[in-house]
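Dumped data-v6.txt below, it's compact mmCIF, C-alpha atoms and all ligand atoms:
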# COMPACT_ATOMS: atom_id res chain seq x y z
CA MET J 1 5.94 -19.77 -21.57
CA SER J 2 6.89 -18.23 -18.28
CA ALA J 3 4.87 -19.25 -15.21
CA THR J 4 4.64 -15.61 -14.18
CA PRO J 5 3.03 -13.09 -16.52
CA ASP J 6 4.98 -10.34 -18.14
CA TYR J 7 3.86 -6.76 -17.56
CA VAL J 8 4.09 -3.85 -19.96
CA VAL J 9 5.12 -1.43 -17.20
CA PRO J 10 6.96 -2.20 -13.94
CA LEU J 11 4.88 -4.08 -11.38
CA PRO J 12 3.97 -1.74 -8.48
CA ALA J 13 5.68 -2.52 -5.19
CA VAL J 14 3.73 -4.32 -2.45
CA ALA J 15 3.15 -1.97 0.47
CA SER J 16 4.02 -3.64 3.77
CA LEU J 17 4.64 -2.95 7.43
CA PRO J 18 6.99 -4.45 10.02
CA VAL J 19 5.60 -6.82 12.65
CA ALA J 20 6.87 -6.77 16.23
CA GLY J 21 8.77 -9.95 17.09
CA SER J 22 8.90 -11.20 13.52
CA ALA J 23 11.21 -10.93 10.54
CA ALA J 24 8.18 -11.32 8.26
CA ARG J 25 6.17 -8.26 7.22
CA PHE J 26 2.44 -7.51 6.97
CA PRO J 27 1.37 -6.94 3.34
CA VAL J 28 -1.13 -4.12 2.96
CA ARG J 29 -4.12 -4.85 0.67
CA ARG J 30 -6.50 -1.95 1.36
CA ILE J 31 -6.66 0.97 3.79
CA TYR J 32 -10.10 1.78 5.17
CA CYS J 33 -10.69 4.76 7.46
CA VAL J 34 -13.47 5.75 9.85
CA GLY J 35 -14.47 9.41 10.06
CA ARG J 36 -16.07 11.08 13.06
CA ASN J 37 -15.53 8.40 15.69
CA TYR J 38 -14.67 10.54 18.74
CA LEU J 39 -17.31 12.94 20.04
CA ASP J 40 -14.81 15.66 21.01
CA HIS J 41 -13.37 15.64 17.46
CA ILE J 42 -16.87 15.83 15.90
CA ARG J 43 -17.52 18.89 18.07
CA GLU J 44 -14.20 20.60 17.26
CA LEU J 45 -15.03 20.43 13.53
CA GLY J 46 -18.64 21.45 14.08
CA ASN J 47 -20.17 18.27 12.64
CA ASP J 48 -23.44 16.52 13.50
CA GLU J 49 -23.05 14.33 16.60
CA LYS J 50 -26.03 12.16 15.72
CA GLU J 51 -24.75 10.88 12.38
CA PRO J 52 -23.19 7.41 12.13
CA PRO J 53 -19.44 7.27 11.42
CA ILE J 54 -18.50 7.48 7.77
CA PHE J 55 -15.99 5.39 5.87
CA PHE J 56 -13.43 6.40 3.29
CA THR J 57 -10.29 4.80 1.85
CA LYS J 58 -6.69 5.54 1.05
CA PRO J 59 -4.52 3.83 -1.55
CA ARG J 60 -2.13 1.28 -0.10
CA ASP J 61 0.86 3.05 -1.60
CA ALA J 62 0.07 6.00 0.69
CA ILE J 63 1.68 3.92 3.47
CA GLU J 64 4.79 5.49 5.00
CA GLN J 65 7.12 3.77 7.45
CA ASP J 66 8.01 4.82 11.00
CA GLY J 67 10.82 7.36 10.90
CA ALA J 68 10.04 8.58 7.39
CA THR J 69 10.30 12.14 6.17
CA ILE J 70 7.21 12.92 4.10
CA PRO J 71 6.83 16.01 1.92
CA TYR J 72 4.48 18.81 2.93
CA ALA J 73 1.50 17.89 0.77
CA SER J 74 0.86 19.74 -2.46
CA ALA J 75 -2.30 21.79 -3.08
CA THR J 76 -2.99 22.60 0.57
CA GLU J 77 -2.35 25.44 2.98
CA ASN J 78 -3.79 23.56 5.96
CA TYR J 79 -2.07 20.16 6.15
CA HIS J 80 -3.30 18.34 9.27
CA PHE J 81 -2.34 15.36 11.42
CA GLU J 82 -4.92 12.91 12.81
CA LEU J 83 -3.53 10.25 15.17
CA GLU J 84 -5.43 6.95 15.01
CA LEU J 85 -5.46 3.32 16.14
CA ALA J 86 -4.89 1.04 13.13
CA VAL J 87 -6.40 -2.46 13.00
CA ALA J 88 -4.66 -5.04 10.77
CA LEU J 89 -6.78 -7.97 9.52
CA GLN J 90 -5.63 -11.56 9.04
CA SER J 91 -8.92 -12.70 7.50
CA GLY J 92 -12.28 -11.21 6.61
CA GLY J 93 -15.51 -11.76 4.74
CA TYR J 94 -18.90 -10.15 4.24
CA ASN J 95 -21.43 -9.46 7.02
CA ILE J 96 -19.15 -10.28 9.93
CA PRO J 97 -21.03 -10.23 13.25
CA ALA J 98 -19.58 -7.91 15.88
CA GLU J 99 -19.52 -10.86 18.27
CA THR J 100 -16.87 -12.70 16.22
CA ALA J 101 -15.20 -9.72 14.52
CA LEU J 102 -12.07 -9.72 16.66
CA GLU J 103 -11.17 -13.22 15.40
CA HIS J 104 -10.22 -11.52 12.13
CA VAL J 105 -7.71 -9.12 13.69
CA PHE J 106 -4.01 -9.91 13.31
CA GLY J 107 -2.75 -6.92 15.26
CA TYR J 108 -2.76 -3.21 15.98
CA ALA J 109 -0.54 -0.22 15.24
CA VAL J 110 -0.19 3.55 15.63
CA ALA J 111 -1.14 5.40 12.43
CA LEU J 112 -1.66 8.89 11.04
CA ASP J 113 -4.51 9.95 8.76
CA MET J 114 -2.84 12.94 7.12
CA THR J 115 -5.44 15.34 5.75
CA ARG J 116 -5.68 18.36 3.47
CA ARG J 117 -8.15 20.08 5.80
CA ASP J 118 -8.86 23.04 3.54
CA LEU J 119 -9.78 20.75 0.64
CA GLN J 120 -11.85 18.52 2.95
CA LYS J 121 -13.89 21.51 4.10
CA GLN J 122 -14.48 22.66 0.52
CA LEU J 123 -15.52 19.17 -0.58
CA THR J 124 -17.78 18.61 2.42
CA SER J 125 -19.61 21.89 1.72
CA ARG J 126 -20.19 20.74 -1.88
CA ALA J 127 -21.12 17.16 -0.84
CA GLY J 128 -18.19 16.00 -2.97
CA PRO J 129 -15.93 12.95 -2.51
CA TRP J 130 -13.06 13.26 -0.04
CA ASP J 131 -10.41 11.56 -2.18
CA VAL J 132 -8.18 14.55 -2.80
CA ALA J 133 -8.46 15.58 0.87
CA LYS J 134 -7.64 12.14 2.28
CA ALA J 135 -6.36 9.64 -0.30
CA PHE J 136 -3.25 11.41 -1.54
CA ASP J 137 0.42 10.40 -1.65
CA HIS J 138 2.21 9.83 1.69
CA SER J 139 -1.06 10.27 3.63
CA ALA J 140 -1.00 7.02 5.63
CA PRO J 141 2.07 6.72 7.89
CA CYS J 142 1.78 3.56 10.00
CA GLY J 143 3.99 2.09 12.71
CA THR J 144 4.99 -1.46 13.59
CA ILE J 145 2.09 -3.92 13.82
CA HIS J 146 1.81 -5.57 17.22
CA PRO J 147 0.19 -9.02 16.99
CA VAL J 148 -2.85 -9.82 19.09
CA ALA J 149 -0.84 -12.71 20.55
CA GLN J 150 1.39 -10.09 22.22
CA VAL J 151 -0.92 -7.17 22.99
CA GLY J 152 -4.47 -8.56 23.02
CA HIS J 153 -7.25 -6.27 21.80
CA PRO J 154 -6.65 -2.75 23.17
CA ASP J 155 -10.05 -1.14 23.83
CA ALA J 156 -8.69 1.40 26.32
CA GLY J 157 -5.41 3.24 26.74
CA ARG J 158 -3.80 6.57 26.08
CA ILE J 159 -3.55 7.82 22.49
CA HIS J 160 -1.15 10.76 22.41
CA LEU J 161 0.51 12.94 19.76
CA THR J 162 3.21 15.55 20.06
CA VAL J 163 4.45 18.02 17.45
CA ASN J 164 8.02 19.14 18.16
CA GLY J 165 7.59 17.79 21.69
CA GLU J 166 4.38 19.70 22.43
CA THR J 167 1.23 17.68 23.19
CA LYS J 168 -1.51 18.20 20.59
CA GLN J 169 -3.76 15.16 20.97
CA ASP J 170 -4.26 13.31 24.28
CA ALA J 171 -7.22 10.99 24.70
CA ASP J 172 -8.26 7.43 25.53
CA LEU J 173 -9.24 4.70 23.08
CA LYS J 174 -12.35 4.02 25.15
CA ALA J 175 -13.76 7.37 23.92
CA MET J 176 -14.36 5.85 20.46
CA ILE J 177 -18.05 5.95 19.55
CA TRP J 178 -17.85 2.77 17.44
CA ASP J 179 -15.49 0.15 18.88
CA VAL J 180 -13.37 -2.15 16.71
CA PRO J 181 -15.87 -5.07 16.58
CA HIS J 182 -18.68 -2.77 15.43
CA ILE J 183 -16.43 -0.99 12.91
CA ILE J 184 -15.57 -4.37 11.36
CA ALA J 185 -19.24 -5.40 11.40
CA HIS J 186 -20.35 -2.18 9.65
CA LEU J 187 -17.52 -2.15 7.12
CA SER J 188 -18.05 -5.80 6.16
CA ARG J 189 -21.59 -4.97 5.04
CA LEU J 190 -20.07 -2.63 2.45
CA PHE J 191 -16.92 -4.51 1.39
CA GLU J 192 -15.58 -8.05 1.54
CA LEU J 193 -12.81 -7.61 4.07
CA GLN J 194 -9.66 -9.63 3.49
CA ALA J 195 -6.31 -10.47 5.01
CA GLY J 196 -3.99 -7.50 4.59
CA ASP J 197 -6.68 -4.88 5.11
CA ILE J 198 -5.94 -2.08 7.55
CA ILE J 199 -8.62 0.02 9.24
CA LEU J 200 -7.86 3.45 10.74
CA THR J 201 -10.40 3.97 13.49
CA GLY J 202 -10.76 7.74 13.69
CA THR J 203 -9.04 10.52 15.59
CA PRO J 204 -9.73 12.25 18.90
CA ALA J 205 -9.78 16.04 19.33
CA GLY J 206 -6.74 18.23 18.91
CA VAL J 207 -6.11 17.91 15.19
CA GLY J 208 -4.10 20.73 13.71
CA PRO J 209 -1.70 21.90 11.05
CA VAL J 210 1.90 20.89 10.45
CA GLN J 211 4.73 22.84 8.83
CA THR J 212 7.89 21.84 7.03
CA GLY J 213 10.47 20.90 9.65
CA ASP J 214 7.97 19.56 12.19
CA THR J 215 8.41 16.20 13.92
CA LEU J 216 5.28 14.27 14.84
CA VAL J 217 5.43 11.50 17.45
CA GLY J 218 2.29 9.47 18.02
CA SER J 219 1.91 6.80 20.66
CA ILE J 220 -0.74 4.40 21.91
CA ASP J 221 -0.36 2.42 25.13
CA GLY J 222 1.21 -0.95 24.34
CA LEU J 223 1.73 -0.22 20.65
CA GLY J 224 4.91 1.85 20.72
CA THR J 225 5.41 5.05 18.79
CA LEU J 226 5.26 6.40 15.24
CA SER J 227 7.62 9.23 14.32
CA ILE J 228 7.18 11.24 11.13
CA HIS J 229 9.10 14.28 9.90
CA ILE J 230 7.55 16.86 7.58
CA GLY J 231 9.89 17.69 4.73
CA ALA J 232 9.90 20.31 2.01
CA PRO J 233 6.82 20.59 -0.21
CA CYS J 234 6.38 18.17 -3.10
CA ALA J 235 8.43 19.31 -6.06
MN MN B 301 -9.19 10.37 10.44
Using the file provided, produce a representation of the structure as structure tokens.
Amino acid sequence: MSATPDYVVPLPAVASLPVAGSAARFPVRRIYCVGRNYLDHIRELGNDEKEPPIFFTKPRDAIEQDGATIPYASATENYHFELELAVALQSGGYNIPAETALEHVFGYAVALDMTRRDLQKQLTSRAGPWDVAKAFDHSAPCGTIHPVAQVGHPDAGRIHLTVNGETKQDADLKAMIWDVPHIIAHLSRLFELQAGDIILTGTPAGVGPVQTGDTLVGSIDGLGTLSIHIGAPCA
């Protein structure tokens, strides 16, 4: 008997991200996302400002590395970028109080929540699930994770995205409606958070479409940059 089980199909790869100052990588368990967490973005999409933020997820194999070329997504004619602060957890649990939530954070990164905006609008109007608008292949590019030991807990700082060198999103992290401790507190009422979980914290205003050939560069103060190229459509 082998100590490790045999599998009838190849074992899926473990998604992971590089860590600044370390040869070891951060293994990705789950990707949670916050919707509607910047007032100016809620207004640009015409959504209700009084509603609490909403959560959705992406599969971990939607992770793409800094510098990647990702295909223009299938089944959309309005493929959008959303630049976001990503929070990487080193531990978790249920019902985490906001007061101690930051103890669970390993580090932070620059991430993109790529979105099929046309499908999202159709689904929202039908009160349907967002999976095909948000949780599709290649939809979660994420940069290098910067450990708390190096960068602290950024609750302010410029979050900035260019497409082909032109500024499209330019805001400050302090404009988030729900800050990181309260996001963790809310999410941990719904799911048992664990080491390896990543939380995308929502996007500011300025979201818009990309085209094949575009280069996106996102940056957040202290967390470096994330560069993504949009390739030809999925075959
Ligand atoms: Mn988003």
Within 6 Å of ligand MN 301 (chain B), counting only C-alpha atoms and all ligand atoms: which residues, as a list in words?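 Using only C-alpha atoms and all ligand atoms, I find these residues within 6 Å of ligand MN 301 (chain B): Gly35, Glu82, Asp113, Gly202 and Thr203 of chain J.
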When you look at region 68-72 of chain J with a cut-off of 8 Å (counting only C-alpha atoms), what residues show up, excluding the ones that are within fewer than 6 positions of it in the same chain? I need them as a PyMOL selection string. chain J and resi 79+138+211-212+227-234
I'd like the interatomic distance between CA of Gln169 (chain J) and CA of Tyr38 (chain J), to a tenth of an Å.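 CA of Tyr38 (chain J) lies at a distance of 12.1 Å from CA of Gln169 (chain J).
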So the first atom is CA of Ala13 (chain J) and the second is CA of Arg29 (chain J); what is the distance between them in Å, to one decimal place?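 Computing it gives 11.7 Å between the two atoms.
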Using all atoms listed in the file, which residue out of J:Ser74, J:Asn37, J:Thr57, J:Ser219 lies closest to Cys142 (chain J)?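 So, comparing all the options, the nearest one is J:Ser219.
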Residue contacts of region 172-184 of chain J (8 Å, all atoms listed in the file) excluding same-chain residues fewer than 3 positions away, as an NGL selection string: :J and (34 or 37-39 or 53 or 87 or 96 or 98-102 or 154-159 or 187-188 or 201-202)
Contacts of Asp40 (chain J) within 7 Å, all atoms listed in the file, excl. fewer than 2 positions in-chain, as a ChimeraX atom specification: /J:38,42-44,204-205
Å distance separating CA of Leu193 (chain J) from CA of Trp130 (chain J), one decimal place: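 Rounded to one decimal, the two atoms are 21.3 Å apart.
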Which one of J:Ala24, J:Cys33, J:Val163, J:Ala195 sits closest to Glu103 (chain J) if you count all atoms listed in the file?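 Ranking J:Ala24, J:Cys33, J:Val163, J:Ala195 by distance to Glu103 (chain J), first place goes to J:Ala195.
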Tell me, as number ranges by chain, which residues lie within 6 Å of Gly143 (chain J), counting all atoms listed in the file; anything in the same chain fewer than 2 positions away does not count. J: 66, 109-110, 226
Neighbour list for Gly107 (chain J) as a PyMOL selection string, cut-off 10 Å, all atoms listed in the file, skip fewer than 5 positions in-chain: chain J and resi 19-20+26+86-90+102+144-154+198+223
Nearest to Asp131 (chain J) among J:Phe55, J:Phe81, J:Phe106, J:Tyr7, with distances taken over all atoms listed in the file: which residue is it? J:Phe55
Nearest candidate to Ala62 (chain J) (options J:Gly93, J:Pro141, J:Gly196, J:Gly208; using only C-alpha atoms):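 Using only C-alpha atoms, the shortest distance to Ala62 (chain J) belongs to J:Pro141.
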From the options J:Ile220, J:Ile199, J:Leu83, J:Ala73, which residue's atoms come nearest to Ala111 (chain J), counting only C-alpha atoms? J:Leu83
Tell me which of J:Gly206, J:Arg117, J:Val217, J:Gly67 sits closest to His41 (chain J), counting only C-alpha atoms. J:Gly206
